[in-house]
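The structure appears right after this line, and notes come after that.
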Amino acid sequence: MNQLNSVAERGIPPEALEVMRSIDARRRNFSRNTKISLAVMVLLLVLTLVVLGLDFKFMAKWLKFILTGIGFTLMVSVLAISLACVLSVIGALGRLSRNPVFNAMATLYVSLIRGTPLLVQVYMWYLALPQIGGALQDLGFVGIQKYLTLPAIPAGIMALAVCYGAYMTETVRAGIQSIKIGQNEAAKALGMTGAQTMRRVIFPQALRVIIPPVSNEFIAMVKDSSLVSLMGVWELSFRAIKIGRRYFQSLEMLIMVAVIYWVMCIVLQTIQERIEKHMARGERGGNG
Amino acid sequence: MNNSKVMVKIRNLHKVFGRDLHVLDGIDLDVSVGEVVSILGPSGSGKSTLLRCINFLEEPTAGTIEVDGVAIKAGEKSKGHAAKILDIRKKTGMCFQAFNLFPHMTAIGNVMEGPVTVLGQTKKEATPYAEELLDWVGLSDKRDEFPARLSGGQQQRVAIARSLAMKPKIMLFDEPTSALDPELVGEVVDVMERLANEGMTIIAVTHEMHFARDVSTRGFIMDGGNWIEEGSPEEMFTNPKEERSKQFLAHIL
């Protein structure tokens, strides 16, 4: 209101004020109505669950036990995404490299990993790798098998990291290529080497472009981390499925674990928005 | 001109894009220390390509380029080739039509970037000179602004300061005012003129009349990949020798 009044003082005619007010109201109403709609939908969902006769007591009883699995889920996800970030930067540099060997390696990596199911890859790291170790040992590499026999959690982290690293390689490459050629030229004209240009000029700008898709990958990974349950790791979904089966109340357990994942992802999304806002400094309209 | 020191010497420079786009067709150019050269010519005549060949943003197809004693022959495969290119780039400053400021750095950050990254100075060492340069282009008060919050003219002045921070021997201007609103052209030309008055060697591709006619010491008109007119700017504008020059000048004057 204050804003509108001060505008009026600047000599804007009263009928314009009316229009400005209605535009303002339209915007406010939209965001309010969206929030109401969302709340109603969530309420309906909860209501449906009550009508279905969900055993909330049973859920409350096992909540703590299942939540204990969050530690594994988060640890696997965070370690795997960190490793995937490193792999994707190396992969992207390879995909853009003029060195034929490095370039071919990166292309093969992306093609092979993206072309095979994650499920197969997980088993590959866990079950097939020791066999490779055995074969190598027979060929004379003494003692190698014990290094290639990974426990469940490291195998899961490696599988997720290598797989997501391949997808993210393409994200990072696209991010680097989205930076205008003029930036490269300006850096070169100052006398920067290729590596300096990448580190100081291109990559920091590409980072801003790739944060949203990488956050997207991370959110997907938090859920894909449930694949480590295949190897008997007691993470979130493994616990939920076990308990659900034991007491024939899978519905309760599955809904509960789904909600837990959902909440985790909402938290991550909020963090992503914060980071994006921070990275938008210097962009047109950003506040410095 | 014979007894003055040579800053740029170009011999028989050719540039072919792809297989048959012959943009530069055997250019020769000598520029002495302190000279201010303006290059004019119709769009597509090869002006920008010539400028970009001088600091090897484009790789020449044939010919030699010498900048401040560092000579490179097109296509040479010597070990020191890359180092010589870096050497030439450190001696030359370049301003672009689209400014090309680094959007993730503030004005002062842009100006310090060369000294810090290329010359290995600390930020503390680089700051005083960067501030001095920003002051010189009249933008002390925009020190900590990001480029997106500067006008085109201000951005181009920061870009000039960024180039000058490397203490170049020669400045290349590639249509520095073509992307600017008319009322912003003056502030950039003004900085270029002061730079010329301080004795900087300049090669500018520009159609800005005041700079080309009054500030330049020599003018060139280019068409079809080579010079069609060369001389004192005064003479070139008032009394061009070639018919093609007359036609071109009639379009821009």
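Naming works like this for the structure tokens: A, B, ... for the chains as they're shown, residue 1 at the start of each chain, ligands 1 onward in shown order.
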
Neighbours of B:Thr206 within 12 Å (only C-alpha atoms; same-chain residues fewer than 2 positions away dropped), as a PDB file with N, CA and C atoms, in the first residue's frame?
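File written: part-v8.pdb
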ATOM      1  N   VAL B  36      48.291   5.365 -34.279  1.00  0.00           N
ATOM      2  CA  VAL B  36      46.894   5.005 -34.053  1.00  0.00           C
ATOM      3  C   VAL B  36      46.265   4.730 -35.411  1.00  0.00           C
ATOM      4  N   VAL B  37      45.969   3.452 -35.651  1.00  0.00           N
ATOM      5  CA  VAL B  37      45.506   3.031 -36.967  1.00  0.00           C
ATOM      6  C   VAL B  37      44.026   2.690 -36.906  1.00  0.00           C
ATOM      7  N   SER B  38      43.252   3.242 -37.816  1.00  0.00           N
ATOM      8  CA  SER B  38      41.843   2.856 -37.919  1.00  0.00           C
ATOM      9  C   SER B  38      41.640   2.054 -39.193  1.00  0.00           C
ATOM     10  N   ILE B  39      40.908   0.972 -39.053  1.00  0.00           N
ATOM     11  CA  ILE B  39      40.602   0.152 -40.221  1.00  0.00           C
ATOM     12  C   ILE B  39      39.096   0.209 -40.464  1.00  0.00           C
ATOM     13  N   LEU B  40      38.718   0.597 -41.647  1.00  0.00           N
ATOM     14  CA  LEU B  40      37.304   0.656 -42.021  1.00  0.00           C
ATOM     15  C   LEU B  40      37.057  -0.322 -43.151  1.00  0.00           C
ATOM     16  N   GLY B  41      35.800  -0.554 -43.430  1.00  0.00           N
ATOM     17  CA  GLY B  41      35.502  -1.412 -44.564  1.00  0.00           C
ATOM     18  C   GLY B  41      34.136  -2.027 -44.424  1.00  0.00           C
ATOM     19  N   PRO B  42      33.552  -2.445 -45.534  1.00  0.00           N
ATOM     20  CA  PRO B  42      32.224  -3.039 -45.476  1.00  0.00           C
ATOM     21  C   PRO B  42      32.214  -4.329 -44.660  1.00  0.00           C
ATOM     22  N   SER B  43      31.010  -4.698 -44.220  1.00  0.00           N
ATOM     23  CA  SER B  43      30.849  -5.926 -43.448  1.00  0.00           C
ATOM     24  C   SER B  43      31.343  -7.125 -44.248  1.00  0.00           C
ATOM     25  N   LYS B  47      38.053  -7.257 -41.729  1.00  0.00           N
ATOM     26  CA  LYS B  47      38.674  -6.381 -40.729  1.00  0.00           C
ATOM     27  C   LYS B  47      38.870  -7.088 -39.382  1.00  0.00           C
ATOM     28  N   SER B  48      37.764  -7.662 -38.882  1.00  0.00           N
ATOM     29  CA  SER B  48      37.836  -8.305 -37.569  1.00  0.00           C
ATOM     30  C   SER B  48      38.779  -9.496 -37.602  1.00  0.00           C
ATOM     31  N   LEU B  51      42.298  -8.398 -37.231  1.00  0.00           N
ATOM     32  CA  LEU B  51      42.601  -8.030 -35.853  1.00  0.00           C
ATOM     33  C   LEU B  51      42.787  -9.284 -34.992  1.00  0.00           C
ATOM     34  N   CYS B  95      39.855  -5.303 -27.043  1.00  0.00           N
ATOM     35  CA  CYS B  95      38.482  -5.018 -26.634  1.00  0.00           C
ATOM     36  C   CYS B  95      37.530  -5.472 -27.718  1.00  0.00           C
ATOM     37  N   PHE B  96      36.445  -6.073 -27.286  1.00  0.00           N
ATOM     38  CA  PHE B  96      35.518  -6.712 -28.218  1.00  0.00           C
ATOM     39  C   PHE B  96      34.248  -5.886 -28.380  1.00  0.00           C
ATOM     40  N   GLN B  97      33.579  -6.125 -29.481  1.00  0.00           N
ATOM     41  CA  GLN B  97      32.293  -5.472 -29.726  1.00  0.00           C
ATOM     42  C   GLN B  97      31.302  -5.788 -28.605  1.00  0.00           C
ATOM     43  N   LEU B 172      44.187  -3.523 -29.316  1.00  0.00           N
ATOM     44  CA  LEU B 172      43.367  -3.832 -30.481  1.00  0.00           C
ATOM     45  C   LEU B 172      41.906  -3.576 -30.114  1.00  0.00           C
ATOM     46  N   PHE B 173      41.214  -2.804 -30.912  1.00  0.00           N
ATOM     47  CA  PHE B 173      39.791  -2.549 -30.667  1.00  0.00           C
ATOM     48  C   PHE B 173      38.981  -3.116 -31.813  1.00  0.00           C
ATOM     49  N   ASP B 174      38.093  -4.061 -31.503  1.00  0.00           N
ATOM     50  CA  ASP B 174      37.278  -4.680 -32.540  1.00  0.00           C
ATOM     51  C   ASP B 174      35.856  -4.115 -32.464  1.00  0.00           C
ATOM     52  N   GLU B 175      35.594  -3.084 -33.234  1.00  0.00           N
ATOM     53  CA  GLU B 175      34.295  -2.398 -33.225  1.00  0.00           C
ATOM     54  C   GLU B 175      33.792  -2.123 -31.812  1.00  0.00           C
ATOM     55  N   PRO B 176      34.559  -1.379 -31.037  1.00  0.00           N
ATOM     56  CA  PRO B 176      34.254  -1.239 -29.609  1.00  0.00           C
ATOM     57  C   PRO B 176      32.968  -0.479 -29.317  1.00  0.00           C
ATOM     58  N   THR B 177      32.460   0.297 -30.286  1.00  0.00           N
ATOM     59  CA  THR B 177      31.263   1.090 -29.997  1.00  0.00           C
ATOM     60  C   THR B 177      30.045   0.633 -30.793  1.00  0.00           C
ATOM     61  N   SER B 178      30.198  -0.436 -31.575  1.00  0.00           N
ATOM     62  CA  SER B 178      29.095  -0.835 -32.467  1.00  0.00           C
ATOM     63  C   SER B 178      27.888  -1.388 -31.723  1.00  0.00           C
ATOM     64  N   ALA B 179      28.112  -1.922 -30.505  1.00  0.00           N
ATOM     65  CA  ALA B 179      26.988  -2.509 -29.778  1.00  0.00           C
ATOM     66  C   ALA B 179      26.365  -1.516 -28.813  1.00  0.00           C
ATOM     67  N   VAL B 185      28.267   6.097 -26.926  1.00  0.00           N
ATOM     68  CA  VAL B 185      29.471   5.951 -27.745  1.00  0.00           C
ATOM     69  C   VAL B 185      30.553   6.909 -27.279  1.00  0.00           C
ATOM     70  N   VAL B 189      34.679   6.369 -26.722  1.00  0.00           N
ATOM     71  CA  VAL B 189      35.628   7.002 -27.642  1.00  0.00           C
ATOM     72  C   VAL B 189      36.544   7.954 -26.883  1.00  0.00           C
ATOM     73  N   MET B 192      39.260   6.021 -25.394  1.00  0.00           N
ATOM     74  CA  MET B 192      40.204   5.586 -26.439  1.00  0.00           C
ATOM     75  C   MET B 192      41.091   6.748 -26.875  1.00  0.00           C
ATOM     76  N   ILE B 202      47.705   1.810 -31.198  1.00  0.00           N
ATOM     77  CA  ILE B 202      46.332   1.308 -31.292  1.00  0.00           C
ATOM     78  C   ILE B 202      46.015   0.870 -32.721  1.00  0.00           C
ATOM     79  N   ILE B 203      45.395  -0.284 -32.839  1.00  0.00           N
ATOM     80  CA  ILE B 203      44.768  -0.652 -34.105  1.00  0.00           C
ATOM     81  C   ILE B 203      43.291  -0.843 -33.814  1.00  0.00           C
ATOM     82  N   ALA B 204      42.459  -0.056 -34.487  1.00  0.00           N
ATOM     83  CA  ALA B 204      41.028  -0.112 -34.192  1.00  0.00           C
ATOM     84  C   ALA B 204      40.244  -0.393 -35.463  1.00  0.00           C
ATOM     85  N   GLU B 208      33.500   4.654 -36.133  1.00  0.00           N
ATOM     86  CA  GLU B 208      33.214   5.859 -35.361  1.00  0.00           C
ATOM     87  C   GLU B 208      34.028   6.989 -35.994  1.00  0.00           C
ATOM     88  N   MET B 209      33.319   7.968 -36.556  1.00  0.00           N
ATOM     89  CA  MET B 209      33.970   8.963 -37.406  1.00  0.00           C
ATOM     90  C   MET B 209      34.998   9.815 -36.685  1.00  0.00           C
ATOM     91  N   HIS B 210      34.645  10.275 -35.481  1.00  0.00           N
ATOM     92  CA  HIS B 210      35.568  11.150 -34.772  1.00  0.00           C
ATOM     93  C   HIS B 210      36.904  10.435 -34.538  1.00  0.00           C
ATOM     94  N   PHE B 211      36.817   9.197 -34.078  1.00  0.00           N
ATOM     95  CA  PHE B 211      38.056   8.469 -33.804  1.00  0.00           C
ATOM     96  C   PHE B 211      38.833   8.226 -35.091  1.00  0.00           C
ATOM     97  N   ALA B 212      38.127   7.759 -36.116  1.00  0.00           N
ATOM     98  CA  ALA B 212      38.808   7.396 -37.359  1.00  0.00           C
ATOM     99  C   ALA B 212      39.449   8.622 -38.027  1.00  0.00           C
ATOM    100  N   ARG B 213      38.766   9.755 -37.989  1.00  0.00           N
ATOM    101  CA  ARG B 213      39.261  10.907 -38.739  1.00  0.00           C
ATOM    102  C   ARG B 213      40.184  11.790 -37.906  1.00  0.00           C
ATOM    103  N   VAL B 215      41.369  11.221 -34.446  1.00  0.00           N
ATOM    104  CA  VAL B 215      42.308  10.653 -33.475  1.00  0.00           C
ATOM    105  C   VAL B 215      43.364   9.806 -34.180  1.00  0.00           C
ATOM    106  N   SER B 216      42.967   9.103 -35.217  1.00  0.00           N
ATOM    107  CA  SER B 216      43.902   8.204 -35.898  1.00  0.00           C
ATOM    108  C   SER B 216      45.021   8.979 -36.573  1.00  0.00           C
ATOM    109  N   GLY B 219      44.800   5.766 -41.687  1.00  0.00           N
ATOM    110  CA  GLY B 219      43.545   5.068 -41.935  1.00  0.00           C
ATOM    111  C   GLY B 219      43.681   4.053 -43.055  1.00  0.00           C
ATOM    112  N   PHE B 220      42.916   2.992 -42.931  1.00  0.00           N
ATOM    113  CA  PHE B 220      42.888   1.972 -43.977  1.00  0.00           C
ATOM    114  C   PHE B 220      41.445   1.675 -44.330  1.00  0.00           C
ATOM    115  N   ILE B 221      41.193   1.405 -45.576  1.00  0.00           N
ATOM    116  CA  ILE B 221      39.897   0.836 -45.948  1.00  0.00           C
ATOM    117  C   ILE B 221      40.162  -0.531 -46.557  1.00  0.00           C
ATOM    118  N   MET B 222      39.375  -1.486 -46.115  1.00  0.00           N
ATOM    119  CA  MET B 222      39.593  -2.861 -46.527  1.00  0.00           C
ATOM    120  C   MET B 222      38.379  -3.351 -47.308  1.00  0.00           C
ATOM    121  N   ILE B 252      28.719   5.445 -45.241  1.00  0.00           N
ATOM    122  CA  ILE B 252      28.851   5.617 -43.790  1.00  0.00           C
ATOM    123  C   ILE B 252      28.944   7.080 -43.374  1.00  0.00           C
TER     124      ILE B 252
END

Would you kindly return, as number ranges by chain, each protein, DNA or RNA residue with an atom no farther than 10 Å from any atom of A:Met231, considering only C-alpha atoms and excluding same-chain residues fewer than 6 positions away?
A: 122-123, 126-127, 151-153, 155-156, 238

Using C-alpha atoms, can you export the residues from the last selection as a CSV table (one decimal), in the first residue's frame?
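That gives us selection-v7.csv:
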chain,number,residue,atom,x,y,z
A,122,VAL,CA,25.3,-52.8,-8.7
A,123,TYR,CA,25.6,-56.6,-9.0
A,126,TYR,CA,29.3,-56.6,-5.7
A,127,LEU,CA,29.3,-60.1,-7.2
A,151,PRO,CA,31.8,-55.0,1.0
A,152,ALA,CA,28.2,-54.1,0.3
A,153,ILE,CA,28.4,-50.4,1.1
A,155,ALA,CA,30.3,-51.6,-3.8
A,156,GLY,CA,27.0,-49.6,-3.6
A,238,PHE,CA,15.4,-52.4,3.3

Skipping near chain neighbours, those fewer than 2 positions away, what residues fall within 10 Å of stretch 190-206 of chain A using only C-alpha atoms, listed as a PyMOL selection string?
(chain A and resi 89+93+171-181+183-188+208-211+279) or (chain B and resi 55+82-83+85-94+102-105+113-115+117-119+162-166+168)

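The smallest atom-to-atom distance between chain A and any of B:Ala148, B:Ile10, B:Val16, B:Leu29, using only C-alpha atoms, is found for B:Ala148.
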
From the set A:Val214, A:Ile66, A:Leu74, A:Ile23, which residue has the shortest atom-to-atom contact distance to A:Ser237, counting only C-alpha atoms?
A:Ile66

Residues of stretch 65-117 of chain B in strand (DSSP E or B) according to DSSP, as a ChimeraX atom specification?
/B:65-67,70-73,92-95

Take the residues from that selection and put them in a file with N, CA and C atoms, as a PDB file, in the first residue's frame.
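Contents of again_12.pdb, freshly written:
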ATOM      1  N   ILE B  65      53.451 -12.889 -38.699  1.00  0.00           N
ATOM      2  CA  ILE B  65      52.987 -11.804 -37.840  1.00  0.00           C
ATOM      3  C   ILE B  65      54.059 -11.557 -36.799  1.00  0.00           C
ATOM      4  N   GLU B  66      54.435 -10.292 -36.652  1.00  0.00           N
ATOM      5  CA  GLU B  66      55.431  -9.952 -35.644  1.00  0.00           C
ATOM      6  C   GLU B  66      54.866  -8.857 -34.768  1.00  0.00           C
ATOM      7  N   VAL B  67      54.858  -9.107 -33.460  1.00  0.00           N
ATOM      8  CA  VAL B  67      54.389  -8.104 -32.510  1.00  0.00           C
ATOM      9  C   VAL B  67      55.490  -7.836 -31.502  1.00  0.00           C
ATOM     10  N   VAL B  70      58.319 -10.336 -31.351  1.00  0.00           N
ATOM     11  CA  VAL B  70      58.002 -11.764 -31.352  1.00  0.00           C
ATOM     12  C   VAL B  70      57.359 -12.107 -32.696  1.00  0.00           C
ATOM     13  N   ALA B  71      58.042 -12.924 -33.490  1.00  0.00           N
ATOM     14  CA  ALA B  71      57.540 -13.226 -34.830  1.00  0.00           C
ATOM     15  C   ALA B  71      57.043 -14.660 -34.888  1.00  0.00           C
ATOM     16  N   ILE B  72      55.874 -14.832 -35.494  1.00  0.00           N
ATOM     17  CA  ILE B  72      55.337 -16.175 -35.681  1.00  0.00           C
ATOM     18  C   ILE B  72      54.951 -16.350 -37.143  1.00  0.00           C
ATOM     19  N   LYS B  73      55.401 -17.464 -37.704  1.00  0.00           N
ATOM     20  CA  LYS B  73      55.061 -17.780 -39.077  1.00  0.00           C
ATOM     21  C   LYS B  73      53.867 -18.713 -39.041  1.00  0.00           C
ATOM     22  N   THR B  92      49.521  -7.708 -26.080  1.00  0.00           N
ATOM     23  CA  THR B  92      48.408  -7.030 -26.746  1.00  0.00           C
ATOM     24  C   THR B  92      47.175  -7.041 -25.868  1.00  0.00           C
ATOM     25  N   GLY B  93      46.496  -5.908 -25.827  1.00  0.00           N
ATOM     26  CA  GLY B  93      45.200  -5.877 -25.162  1.00  0.00           C
ATOM     27  C   GLY B  93      44.139  -5.886 -26.241  1.00  0.00           C
ATOM     28  N   MET B  94      42.973  -6.503 -25.934  1.00  0.00           N
ATOM     29  CA  MET B  94      41.939  -6.503 -26.958  1.00  0.00           C
ATOM     30  C   MET B  94      40.580  -6.178 -26.356  1.00  0.00           C
ATOM     31  N   CYS B  95      39.855  -5.303 -27.043  1.00  0.00           N
ATOM     32  CA  CYS B  95      38.482  -5.018 -26.634  1.00  0.00           C
ATOM     33  C   CYS B  95      37.530  -5.472 -27.718  1.00  0.00           C
TER      34      CYS B  95
END

Between atom CA of B:Thr64 and atom CA of B:Trp227, what distance in Å does the model show, to one decimal?
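Computing it gives 17.2 Å between the two atoms.
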
Mind checking which residues fall within 9 Å of stretch 95-109 of chain A, counting only C-alpha atoms, ignoring those fewer than 5 positions away in the same chain, and posting them as number ranges by chain?
A: 90, 114, 166, 169-170, 173, 177

Deliver the residues from the most recent selection as a file, using C-alpha atoms, as a PDB file, in the first residue's frame.
ATOM      1  CA  ILE A  90      36.945 -35.475 -15.546  1.00  0.00           C
ATOM      2  CA  ARG A 114      24.321 -45.096 -19.674  1.00  0.00           C
ATOM      3  CA  ALA A 166      28.294 -40.856 -16.516  1.00  0.00           C
ATOM      4  CA  THR A 169      29.355 -35.974 -17.476  1.00  0.00           C
ATOM      5  CA  GLU A 170      26.877 -34.967 -20.141  1.00  0.00           C
ATOM      6  CA  ARG A 173      29.752 -30.928 -20.751  1.00  0.00           C
ATOM      7  CA  GLN A 177      29.493 -25.607 -23.823  1.00  0.00           C
TER       8      GLN A 177
END

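Reported to one decimal place, the separation of atom CA of B:Leu139 from atom CA of B:Lys124 is 19.6 Å.
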
Residues near B:Asn12, cut-off 10 Å, only C-alpha atoms, skip fewer than 6 positions along chain, as a list in words
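Counting only the stated atoms, we get Leu24, Asp25, Gly26, Ile27, Asp28, Leu29, Ala62, Gly63, Thr64 and Ile65 of chain B.
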
Name the residues in contact with stretch 243-249 of chain A at a cut-off of 10 Å, using only C-alpha atoms, excluding same-chain residues fewer than 4 positions from it; report them as a list in words.
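With the cut-off at 10 Å, the set is Leu54, Asp55, Phe58, Met59, Trp62, Phe65, Ile66, Ser237, Phe238, Arg239, Met253 and Leu254 of chain A.
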
Out of A:Ala280, A:Cys265, A:Val50, A:Ala220, which residue has the shortest atom-to-atom distance to chain B when counting only C-alpha atoms?
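Smallest distance to chain B is found for A:Ala280.
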
Here atom CA of B:Arg143 and atom CA of B:Ile160 stand apart by 14.2 Å

Excluding same-chain residues fewer than 4 positions from A:Val263, what lies within 12 Å of it counting only C-alpha atoms, as a list of chain:residue names?
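Close residues of A:Val263: A:Ile70, A:Ile219, A:Val222, A:Lys223, A:Met256, A:Val257, A:Ala258, A:Val259, A:Val267, A:Leu268, A:Gln269, A:Thr270.
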
Write out, as a compact mmCIF listing (two decimals), in the first residue's frame, the residues just selected, with N, CA and C atoms.
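Just written: selection_15.txt:
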# COMPACT_ATOMS: atom_id res chain seq x y z
N ILE A 70 18.17 -43.96 7.83
CA ILE A 70 18.49 -42.72 7.11
C ILE A 70 20.00 -42.50 7.05
N ILE A 219 18.87 -35.71 -6.00
CA ILE A 219 17.56 -36.14 -5.48
C ILE A 219 17.23 -37.54 -6.01
N VAL A 222 19.34 -40.14 -4.06
CA VAL A 222 18.88 -40.47 -2.71
C VAL A 222 17.92 -41.64 -2.78
N LYS A 223 17.09 -41.63 -3.82
CA LYS A 223 16.11 -42.72 -3.94
C LYS A 223 16.75 -43.99 -4.53
N MET A 256 5.05 -45.33 4.74
CA MET A 256 5.89 -44.60 5.67
C MET A 256 7.25 -44.28 5.05
N VAL A 257 7.84 -45.28 4.44
CA VAL A 257 9.17 -45.05 3.89
C VAL A 257 9.10 -44.09 2.70
N ALA A 258 8.00 -44.15 1.96
CA ALA A 258 7.83 -43.21 0.84
C ALA A 258 7.77 -41.78 1.35
N VAL A 259 7.01 -41.59 2.46
CA VAL A 259 6.90 -40.25 3.03
C VAL A 259 8.26 -39.76 3.52
N VAL A 267 13.50 -31.32 1.58
CA VAL A 267 14.59 -30.60 2.25
C VAL A 267 15.71 -30.29 1.24
N LEU A 268 16.07 -31.31 0.46
CA LEU A 268 17.15 -31.11 -0.52
C LEU A 268 16.78 -30.04 -1.54
N GLN A 269 15.51 -30.06 -1.95
CA GLN A 269 15.05 -29.08 -2.94
C GLN A 269 15.17 -27.66 -2.39
N THR A 270 14.84 -27.53 -1.10
CA THR A 270 14.96 -26.22 -0.47
C THR A 270 16.41 -25.76 -0.48

List every residue of stretch 53-284 of chain A that DSSP, applied to the backbone of this structure, assigns to helix (DSSP H, G or I), and report them as a PyMOL selection string.
chain A and resi 56-67+70-96+100-114+118-138+145-148+152-177+181-190+194-231+236-246+250-279
